[in-house]
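Pasting coords-v3.txt here (compact mmCIF, C-alpha atoms):
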# COMPACT_ATOMS: atom_id res chain seq x y z
CA MET K 284 -1.56 -153.77 -147.95
CA ALA K 285 -4.63 -153.70 -145.78
CA ALA K 286 -4.96 -156.77 -143.69
CA ILE K 287 -7.67 -159.08 -142.52
CA TYR K 288 -7.36 -160.01 -138.89
CA SER K 289 -9.89 -162.81 -138.63
CA LEU K 290 -12.89 -164.55 -140.20
CA TYR K 291 -15.89 -165.97 -138.36
CA ILE K 292 -18.86 -167.99 -139.58
CA ILE K 293 -21.87 -168.38 -137.28
CA ASN K 294 -24.90 -170.59 -137.80
CA LYS K 295 -28.45 -169.39 -137.54
CA SER K 296 -28.67 -170.05 -133.79
CA GLY K 297 -25.56 -167.99 -133.10
CA GLY K 298 -23.08 -170.79 -132.57
CA LEU K 299 -19.58 -170.34 -133.98
CA ILE K 300 -18.96 -172.89 -136.70
CA PHE K 301 -15.73 -171.54 -138.15
CA TYR K 302 -13.02 -169.23 -136.90
CA LYS K 303 -9.65 -168.41 -138.41
CA ASP K 304 -7.22 -165.66 -137.64
CA TYR K 305 -4.68 -164.29 -140.05
CA GLY K 306 -1.83 -162.63 -138.22
CA SER K 307 -1.27 -161.75 -134.60
CA ALA K 308 -3.43 -158.64 -134.44
CA GLY K 309 -6.73 -160.48 -134.26
CA ARG K 310 -5.63 -163.64 -132.51
CA MET K 311 -7.99 -164.98 -129.87
CA ASP K 312 -8.17 -168.15 -127.88
CA THR K 313 -11.11 -170.48 -128.33
CA ASN K 314 -13.20 -169.08 -125.51
CA ASP K 315 -12.78 -165.51 -126.64
CA SER K 316 -13.68 -166.34 -130.19
CA LEU K 317 -16.85 -168.06 -128.99
CA ARG K 318 -17.67 -165.01 -126.91
CA VAL K 319 -17.18 -162.66 -129.84
CA ALA K 320 -19.38 -164.83 -132.01
CA SER K 321 -22.26 -164.95 -129.53
CA LEU K 322 -21.87 -161.27 -128.80
CA TRP K 323 -22.01 -160.39 -132.45
CA HIS K 324 -25.00 -162.65 -133.05
CA SER K 325 -26.94 -160.89 -130.29
CA MET K 326 -25.88 -157.42 -131.38
CA HIS K 327 -26.93 -158.21 -134.92
CA ALA K 328 -30.34 -159.39 -133.75
CA ILE K 329 -30.87 -156.39 -131.49
CA SER K 330 -29.83 -153.97 -134.22
CA GLN K 331 -32.42 -155.47 -136.54
CA GLN K 332 -35.13 -154.80 -133.98
CA LEU K 333 -33.93 -151.31 -133.08
CA SER K 334 -33.30 -150.06 -136.56
CA PRO K 335 -35.32 -147.05 -137.74
CA VAL K 336 -35.03 -148.34 -141.30
CA VAL K 337 -37.95 -150.55 -142.32
CA GLY K 338 -36.98 -154.01 -143.49
CA CYS K 339 -33.53 -153.77 -142.01
CA SER K 340 -31.53 -156.96 -142.10
CA GLY K 341 -28.97 -156.03 -139.44
CA ILE K 342 -25.54 -154.47 -139.10
CA GLU K 343 -23.35 -154.71 -142.18
CA LEU K 344 -20.39 -152.64 -141.10
CA LEU K 345 -18.96 -151.65 -137.74
CA GLU K 346 -16.14 -149.06 -137.83
CA ALA K 347 -13.94 -148.69 -134.81
CA ASP K 348 -10.58 -146.97 -134.19
CA THR K 349 -8.43 -150.04 -134.53
CA PHE K 350 -10.55 -152.32 -136.72
CA ASP K 351 -13.53 -152.61 -139.07
CA LEU K 352 -16.02 -155.46 -138.87
CA HIS K 353 -17.90 -156.37 -142.04
CA CYS K 354 -20.82 -158.75 -141.78
CA PHE K 355 -22.85 -160.61 -144.36
CA GLN K 356 -25.97 -162.56 -143.50
CA SER K 357 -27.40 -165.04 -145.97
CA LEU K 358 -31.15 -165.43 -146.35
CA THR K 359 -30.82 -168.73 -144.50
CA GLY K 360 -29.50 -167.02 -141.38
CA THR K 361 -25.83 -167.96 -141.59
CA LYS K 362 -23.56 -164.98 -140.84
CA PHE K 363 -20.10 -164.43 -142.25
CA PHE K 364 -18.05 -161.67 -140.70
CA VAL K 365 -14.51 -160.49 -141.03
CA VAL K 366 -12.49 -158.28 -138.69
CA CYS K 367 -10.00 -156.24 -140.62
CA GLU K 368 -7.79 -153.16 -140.61
CA PRO K 369 -9.74 -149.89 -140.71
CA GLY K 370 -10.37 -148.76 -144.26
CA THR K 371 -9.97 -152.14 -145.96
CA GLN K 372 -11.85 -152.14 -149.24
CA GLN K 373 -13.96 -154.76 -151.01
CA MET K 374 -14.77 -156.80 -147.94
CA GLU K 375 -18.34 -157.27 -149.17
CA GLY K 376 -17.05 -158.92 -152.30
CA LEU K 377 -14.80 -161.08 -150.16
CA LEU K 378 -17.66 -162.14 -147.93
CA LYS K 379 -19.76 -163.05 -150.92
CA ALA K 380 -16.91 -165.12 -152.33
CA ILE K 381 -16.53 -166.85 -148.97
CA TYR K 382 -20.27 -167.60 -149.02
CA GLU K 383 -19.92 -169.26 -152.42
CA LEU K 384 -16.95 -171.31 -151.20
CA TYR K 385 -18.96 -172.30 -148.12
CA THR K 386 -21.81 -173.56 -150.29
CA ASP K 387 -19.35 -175.63 -152.27
CA TYR K 388 -16.82 -177.03 -149.82
CA VAL K 389 -18.92 -177.23 -146.69
CA LEU K 390 -22.48 -177.90 -147.77
CA LYS K 391 -21.62 -180.33 -150.50
CA ASN K 392 -19.69 -182.56 -148.15
CA PRO K 393 -22.29 -185.23 -147.30
CA PHE K 394 -20.59 -185.92 -143.99
CA TYR K 395 -20.87 -182.36 -142.81
CA GLU K 396 -23.68 -182.04 -140.29
CA MET K 397 -25.72 -178.90 -140.69
CA GLU K 398 -25.15 -176.19 -138.08
CA MET K 399 -22.16 -178.05 -136.63
CA PRO K 400 -18.61 -176.63 -136.45
CA ILE K 401 -16.70 -177.00 -139.68
CA ARG K 402 -13.80 -179.37 -139.27
CA LYS K 403 -10.56 -178.09 -140.74
CA PRO K 404 -8.08 -180.63 -142.02
CA SER K 405 -5.02 -180.23 -139.79
CA MET J 98 -21.06 -151.01 -153.29
CA ALA J 99 -24.26 -151.38 -155.28
CA PRO J 100 -26.04 -154.71 -154.71
CA LEU J 101 -25.41 -157.27 -157.46
CA ALA J 102 -28.27 -157.79 -159.85
CA PRO J 103 -29.87 -161.25 -159.76
CA ARG J 104 -28.50 -163.57 -162.44
CA SER J 105 -30.72 -165.45 -164.83
CA GLY J 106 -31.04 -169.21 -164.61
CA ASP J 107 -29.51 -169.60 -168.07
CA ALA J 108 -26.42 -167.61 -167.19
CA ILE J 109 -25.76 -169.63 -164.07
CA PHE J 110 -26.50 -172.96 -165.77
CA ALA J 111 -23.97 -172.07 -168.44
CA SER J 112 -21.31 -171.17 -165.91
CA VAL J 113 -21.40 -174.21 -163.59
CA GLU J 114 -19.69 -177.53 -164.22
CA ARG J 115 -22.11 -179.97 -165.75
CA VAL J 116 -22.36 -183.74 -165.79
CA ASN J 117 -23.60 -186.09 -168.49
CA ALA J 118 -27.41 -186.09 -168.33
CA GLU J 119 -27.62 -189.81 -168.90
CA LEU J 120 -25.26 -190.52 -166.03
CA PHE J 121 -27.55 -188.40 -163.85
CA THR J 122 -30.67 -190.22 -165.06
CA LEU J 123 -29.02 -193.61 -164.57
CA THR J 124 -27.77 -192.72 -161.10
CA TYR J 125 -31.18 -191.56 -160.00
CA GLY J 126 -32.77 -194.65 -161.49
CA ALA J 127 -30.32 -196.85 -159.62
CA ILE J 128 -31.21 -195.10 -156.36
CA VAL J 129 -34.93 -195.63 -156.88
CA ARG J 130 -34.48 -199.29 -157.86
CA GLN J 131 -32.28 -199.94 -154.83
CA LEU J 132 -34.79 -198.29 -152.51
CA LEU J 133 -37.54 -200.46 -153.97
CA THR J 134 -35.46 -203.55 -153.41
CA ASP J 135 -34.53 -202.59 -149.86
CA LEU J 136 -37.85 -201.21 -148.66
CA GLU J 137 -40.32 -203.13 -150.87
CA GLU J 138 -43.27 -200.89 -149.91
CA VAL J 139 -43.97 -198.20 -152.48
CA GLU J 140 -45.18 -195.78 -149.79
CA GLU J 141 -41.93 -196.21 -147.85
CA VAL J 142 -39.94 -195.49 -150.98
CA ASN J 143 -41.96 -192.34 -151.58
CA LYS J 144 -41.19 -191.21 -148.04
CA GLN J 145 -37.48 -191.97 -148.38
CA LEU J 146 -37.26 -190.10 -151.65
CA ASP J 147 -38.94 -187.13 -150.02
CA GLN J 148 -36.53 -187.31 -147.07
CA MET J 149 -33.53 -187.51 -149.40
CA GLY J 150 -34.89 -184.53 -151.28
CA TYR J 151 -35.31 -182.64 -148.02
CA ASN J 152 -31.68 -183.26 -147.07
CA ILE J 153 -30.59 -182.07 -150.49
CA GLY J 154 -32.85 -179.03 -150.34
CA ILE J 155 -31.53 -177.69 -147.05
CA ARG J 156 -28.01 -177.61 -148.49
CA LEU J 157 -28.95 -176.60 -152.00
CA VAL J 158 -30.69 -173.41 -150.97
CA ASP J 159 -27.47 -171.67 -149.86
CA GLU J 160 -25.80 -172.51 -153.16
CA PHE J 161 -28.83 -171.21 -154.98
CA LEU J 162 -28.79 -167.96 -153.02
CA ALA J 163 -25.04 -167.51 -153.42
CA LYS J 164 -24.97 -168.07 -157.17
CA SER J 165 -28.17 -166.33 -158.17
CA ASN J 166 -27.94 -163.16 -156.06
CA VAL J 167 -31.70 -163.01 -155.59
CA SER J 168 -32.79 -160.65 -152.86
CA ARG J 169 -35.47 -161.41 -150.32
CA CYS J 170 -38.76 -162.15 -152.09
CA THR J 171 -41.58 -159.79 -151.20
CA ASP J 172 -44.29 -162.43 -151.34
CA PHE J 173 -44.85 -166.10 -152.02
CA LYS J 174 -45.74 -165.42 -155.66
CA GLU J 175 -42.26 -164.09 -156.23
CA THR J 176 -40.78 -167.07 -154.41
CA ALA J 177 -42.60 -169.53 -156.65
CA GLU J 178 -41.53 -167.67 -159.80
CA VAL J 179 -37.91 -167.63 -158.67
CA ILE J 180 -37.97 -171.37 -157.94
CA ALA J 181 -39.51 -172.17 -161.31
CA LYS J 182 -37.51 -169.82 -163.50
CA VAL J 183 -34.12 -169.62 -161.80
CA GLY J 184 -33.94 -172.63 -159.51
CA PHE J 185 -35.08 -175.36 -161.86
CA LYS J 186 -33.09 -173.86 -164.71
CA MET J 187 -29.94 -173.63 -162.65
CA PHE J 188 -29.99 -177.17 -161.30
CA LEU J 189 -31.88 -179.26 -163.82
CA GLY J 190 -31.54 -177.16 -166.94
CA VAL J 191 -35.29 -177.05 -167.50
CA THR J 192 -37.64 -174.10 -167.09
CA ALA J 193 -40.82 -174.64 -165.18
CA SER J 194 -43.91 -172.47 -165.16
CA VAL J 195 -46.14 -171.36 -162.32
CA SER J 196 -49.93 -171.34 -162.46
CA ASN J 197 -53.15 -172.12 -160.58
CA TRP J 198 -52.78 -169.52 -157.89
CA ASP J 199 -55.44 -169.68 -155.24
CA ALA J 200 -57.22 -166.59 -153.88
CA ASP J 201 -54.84 -166.07 -150.93
CA GLY J 202 -51.70 -166.41 -152.99
CA THR J 203 -50.48 -169.24 -150.77
CA CYS J 204 -50.92 -172.19 -153.08
CA CYS J 205 -49.74 -172.65 -156.63
CA SER J 206 -48.70 -175.25 -159.17
CA ILE J 207 -45.25 -175.58 -160.69
CA ILE J 208 -45.43 -177.31 -164.04
CA LEU J 209 -42.54 -179.10 -165.72
CA GLU J 210 -42.89 -180.07 -169.34
CA ASP J 211 -39.49 -181.68 -169.41
CA ASN J 212 -37.81 -183.64 -166.61
CA PRO J 213 -34.33 -185.13 -166.94
CA LEU J 214 -34.91 -187.56 -164.07
CA VAL J 215 -37.45 -189.56 -166.06
CA ASP J 216 -35.76 -189.94 -169.44
CA PHE J 217 -36.45 -193.46 -170.74
CA VAL J 218 -38.35 -194.45 -167.56
CA GLU J 219 -41.56 -196.50 -167.63
CA LEU J 220 -43.26 -197.53 -164.42
CA PRO J 221 -44.19 -201.23 -164.20
CA ASP J 222 -47.61 -202.33 -162.91
CA THR J 223 -46.12 -203.38 -159.58
CA CYS J 224 -45.08 -199.80 -158.78
CA GLN J 225 -48.19 -197.91 -159.60
CA GLY J 226 -48.29 -195.88 -156.39
CA LEU J 227 -44.70 -194.71 -156.78
CA TYR J 228 -43.92 -191.02 -157.16
CA TYR J 229 -40.70 -191.51 -159.08
CA CYS J 230 -39.63 -187.87 -158.81
CA ASN J 231 -40.57 -187.45 -155.19
CA VAL J 232 -37.06 -186.23 -154.48
CA LEU J 233 -38.04 -182.96 -156.18
CA SER J 234 -40.87 -182.34 -153.76
CA GLY J 235 -38.48 -182.90 -150.85
CA VAL J 236 -35.93 -180.51 -152.33
CA ILE J 237 -38.45 -177.69 -152.61
CA ARG J 238 -39.79 -178.32 -149.10
CA GLY J 239 -36.28 -178.42 -147.59
CA ALA J 240 -35.08 -175.35 -149.41
CA LEU J 241 -38.07 -173.26 -148.42
CA GLU J 242 -37.83 -174.38 -144.83
CA MET J 243 -34.32 -172.93 -144.60
CA VAL J 244 -35.70 -169.55 -145.60
CA SER J 245 -38.41 -169.66 -142.96
CA MET J 246 -41.32 -171.01 -145.01
CA LYS J 247 -43.13 -174.18 -144.02
CA THR J 248 -44.69 -175.71 -147.10
CA GLU J 249 -46.44 -178.81 -148.27
CA VAL J 250 -45.48 -180.10 -151.71
CA THR J 251 -47.50 -182.77 -153.48
CA TRP J 252 -47.73 -184.22 -156.98
CA VAL J 253 -50.84 -183.38 -158.97
CA ARG J 254 -49.85 -184.70 -162.35
CA ASP J 255 -47.16 -187.24 -163.16
CA MET J 256 -46.15 -188.10 -166.71
CA LEU J 257 -45.13 -191.60 -165.66
CA ARG J 258 -48.73 -192.22 -164.70
CA GLY J 259 -50.13 -191.11 -168.03
CA ASP J 260 -50.59 -187.36 -167.53
CA ASP J 261 -49.28 -184.82 -170.01
CA ALA J 262 -46.88 -182.96 -167.72
CA PHE J 263 -45.39 -182.97 -164.24
CA GLU J 264 -47.29 -180.73 -161.88
CA LEU J 265 -46.24 -180.04 -158.30
CA GLN J 266 -48.58 -178.27 -155.96
CA VAL J 267 -46.72 -176.05 -153.50
CA LYS J 268 -48.74 -174.83 -150.56
CA LEU J 269 -47.38 -172.31 -148.09
CA LEU J 270 -48.45 -173.40 -144.62
CA LYS J 271 -46.82 -170.62 -142.66
CA GLN J 272 -43.94 -168.20 -142.47
CA VAL J 273 -41.80 -168.82 -139.40
CA PRO J 274 -39.43 -165.88 -138.92
CA GLU J 275 -36.44 -166.27 -136.60
CA GLU J 276 -37.50 -166.05 -133.00
CA TYR J 277 -35.20 -164.94 -130.26
CA PRO J 278 -35.78 -166.30 -126.79
CA TYR J 279 -36.86 -163.43 -124.58
CA LYS J 280 -37.16 -163.72 -120.84
CA ASP J 281 -40.51 -162.43 -119.70
CA ASP J 282 -39.58 -161.99 -116.06
CA GLU J 283 -37.43 -159.09 -114.83
What does the file become when written as structure tokens?
Amino acid sequence: MAAIYSLYIINKSGGLIFYKDYGSAGRMDTNDSLRVASLWHSMHAISQQLSPVVGCSGIELLEADTFDLHCFQSLTGTKFFVVCEPGTQQMEGLLKAIYELYTDYVLKNPFYEMEMPIRKPS
Amino acid sequence: MAPLAPRSGDAIFASVERVNAELFTLTYGAIVRQLLTDLEEVEEVNKQLDQMGYNIGIRLVDEFLAKSNVSRCTDFKETAEVIAKVGFKMFLGVTASVSNWDADGTCCSIILEDNPLVDFVELPDTCQGLYYCNVLSGVIRGALEMVSMKTEVTWVRDMLRGDDAFELQVKLLKQVPEEYPYKDDE
């Protein structure tokens, strides 16, 4: 079964607000995960500017030898991206489902401060 | 994968969990009464309601976008139509209409014939300056701000003040697309 290595959520200014890894292949320590998030945020922004396609909204899929990276950006600027095994299907559907869960569990919590890291119950 | 088609307001309204309308009306009424008791000044209450609406709007917009699958609107006219037809239907169960477009296409009116917030409400003489539904203007302002539009939302007609419908004027002040800090030196 194709596996997901990790999930990241970044706010509109590029700060990492949620990171979770699933399995040892994608595991990163806190600093590295922050670096990946900022790196991806910048790459996404640059790709939007460089794109030859008019009205481009940024990179949606990055395919590499050892992983695929699927990204979804909401119209409010929040990015959801997942690093998974190459060839994993239906990641877009997964990202959309994660977006819906985010709107429910995160945004509806009145004590959640916008743009701040999402606190996970331990 | 083909992009998902946008869902209609009715379809989404039917699929979400709903609450008793009277509980909703009573809760909102309790909030307004408490604000009046705490703040005493009608203008202050209007501002607080707008601020509360703003805080709701900034969170509500992501839920709206997630559930309705609308794509980026091409112009403000489309935005206003989407708010009136899909947004209001999805969250309040009422359909609003859009009219009174100005020449630039930056200012319009959203008209509500029916408003669940004001069922059974009558304003007393002591609260004549109160915009009872001011939370709605805050919600629209907050939601649009999260999608890079700065707007000004004001009440034109208010049924609690004797008019025949609720009319909100939504004016687009400016579009503020995401800016990335670029260093000019080097």
### Message
Ranking J:Lys268, J:Arg258, J:Arg156, J:Lys174 by minimum distance to chain K and counting all atoms listed in the file, which one comes first?
### Response
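Among the listed residues, the smallest separation from chain K belongs to J:Arg156.
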Inset, instruction - Please identify every residue of chain K that has at least one atom no more than 7 Å from any atom of chain J, counting all atoms listed in the file, and report them as number ranges by chain. - result: K: 358-359, 382-383, 386, 390
- Task: Within 6 Å of region 192-197 of chain J, counting all atoms listed in the file, which residues show up once you throw out same-chain ones fewer than 3 positions away? Write them as a PyMOL selection string, please.
- Result: chain J and resi 181-182+185-186+205-209
Exercise for the section: Identify, on the basis of only C-alpha atoms, every residue whose closest approach to Val139 (chain J) does not exceed 10 Å; exclude the query and any residue fewer than 5 positions from it along the same chain; express the result as a ChimeraX atom specification. Expected result: /J:132-133,144-145,223-229
| said: Every residue with an atom at most 7 Å from (-8.3, -159.7, -139.5) (file coordinates; only C-alpha atoms) is what I'm after, so could you write them as a PyMOL selection string? | reply: chain K and resi 286-290+304-305+309+365-368
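Atom pair CA of Val129 (chain J) / CA of Lys247 (chain J): separated by 26.3 Å.
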**Asked** So which residues touch region 328-344 of chain K within 7 Å, counting all atoms listed in the file, skipping near sequence neighbours fewer than 3 positions away, as a PyMOL selection string?
**Response** chain K and resi 324-325+352-355
Could the residues in this selection be written to a file with C-alpha atoms, as a short mmCIF file (atom, residue, chain, number, x, y, z; two decimals), keeping the file's coordinate frame?
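Output below, filename selection-v9.cif:
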data_model
loop_
_atom_site.label_atom_id
_atom_site.label_comp_id
_atom_site.auth_asym_id
_atom_site.auth_seq_id
_atom_site.Cartn_x
_atom_site.Cartn_y
_atom_site.Cartn_z
CA HIS K 324 -25.00 -162.65 -133.05
CA SER K 325 -26.94 -160.89 -130.29
CA LEU K 352 -16.02 -155.46 -138.87
CA HIS K 353 -17.90 -156.37 -142.04
CA CYS K 354 -20.82 -158.75 -141.78
CA PHE K 355 -22.85 -160.61 -144.36
#
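Distance check against Phe350 (chain K) using all atoms listed in the file: of K:Ala308, K:Met326, K:Met397, K:Val389, the minimum falls on K:Ala308.
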With a distance cut-off of 8 Å and all atoms listed in the file, select the neighbouring residues of Met149 (chain J), excluding the residue or stretch itself and same-chain residues fewer than 5 positions from it, and output the selection as a PyMOL selection string. chain J and resi 232+235-236
Contacts of Ile401 (chain K) within 9 Å, all atoms listed in the file, excl. fewer than 2 positions in-chain, as a CSV table (one decimal) with C-alpha atoms, keeping the file's coordinate frame:
chain,number,residue,atom,x,y,z
K,300,ILE,CA,-19.0,-172.9,-136.7
K,301,PHE,CA,-15.7,-171.5,-138.2
K,389,VAL,CA,-18.9,-177.2,-146.7
K,395,TYR,CA,-20.9,-182.4,-142.8
K,396,GLU,CA,-23.7,-182.0,-140.3
K,398,GLU,CA,-25.2,-176.2,-138.1
K,399,MET,CA,-22.2,-178.0,-136.6
K,403,LYS,CA,-10.6,-178.1,-140.7
In terms of only C-alpha atoms, the residue from K:Gln372, K:Pro400, K:His327, K:Ser321 at minimal distance from Tyr302 (chain K) is K:Pro400
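We find CA of Thr171 (chain J) and CA of Ala200 (chain J) to be spaced 17.3 Å apart.
Here CA of Ala127 (chain J) is placed at a distance of 22.8 Å from CA of Gly239 (chain J).
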Original post:
With only C-alpha atoms as the atoms that count, which of J:Asp216, J:Asp147, J:Asp261, J:Asp172 lies nearest to Glu249 (chain J)?
Top reply: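 The shortest atom-to-atom distance to Glu249 (chain J) comes from J:Asp147.
Residue nearest Tyr385 (chain K) within the list K:Leu322, K:Leu299, K:Ile292, K:Leu345: K:Ile292 [criterion: smallest interatomic distance, all atoms listed in the file].
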One residue among J:Val191, J:Leu214, J:Glu178, J:Gln272 is nearest to Ile128 (chain J) when using all atoms listed in the file, and that residue is J:Leu214
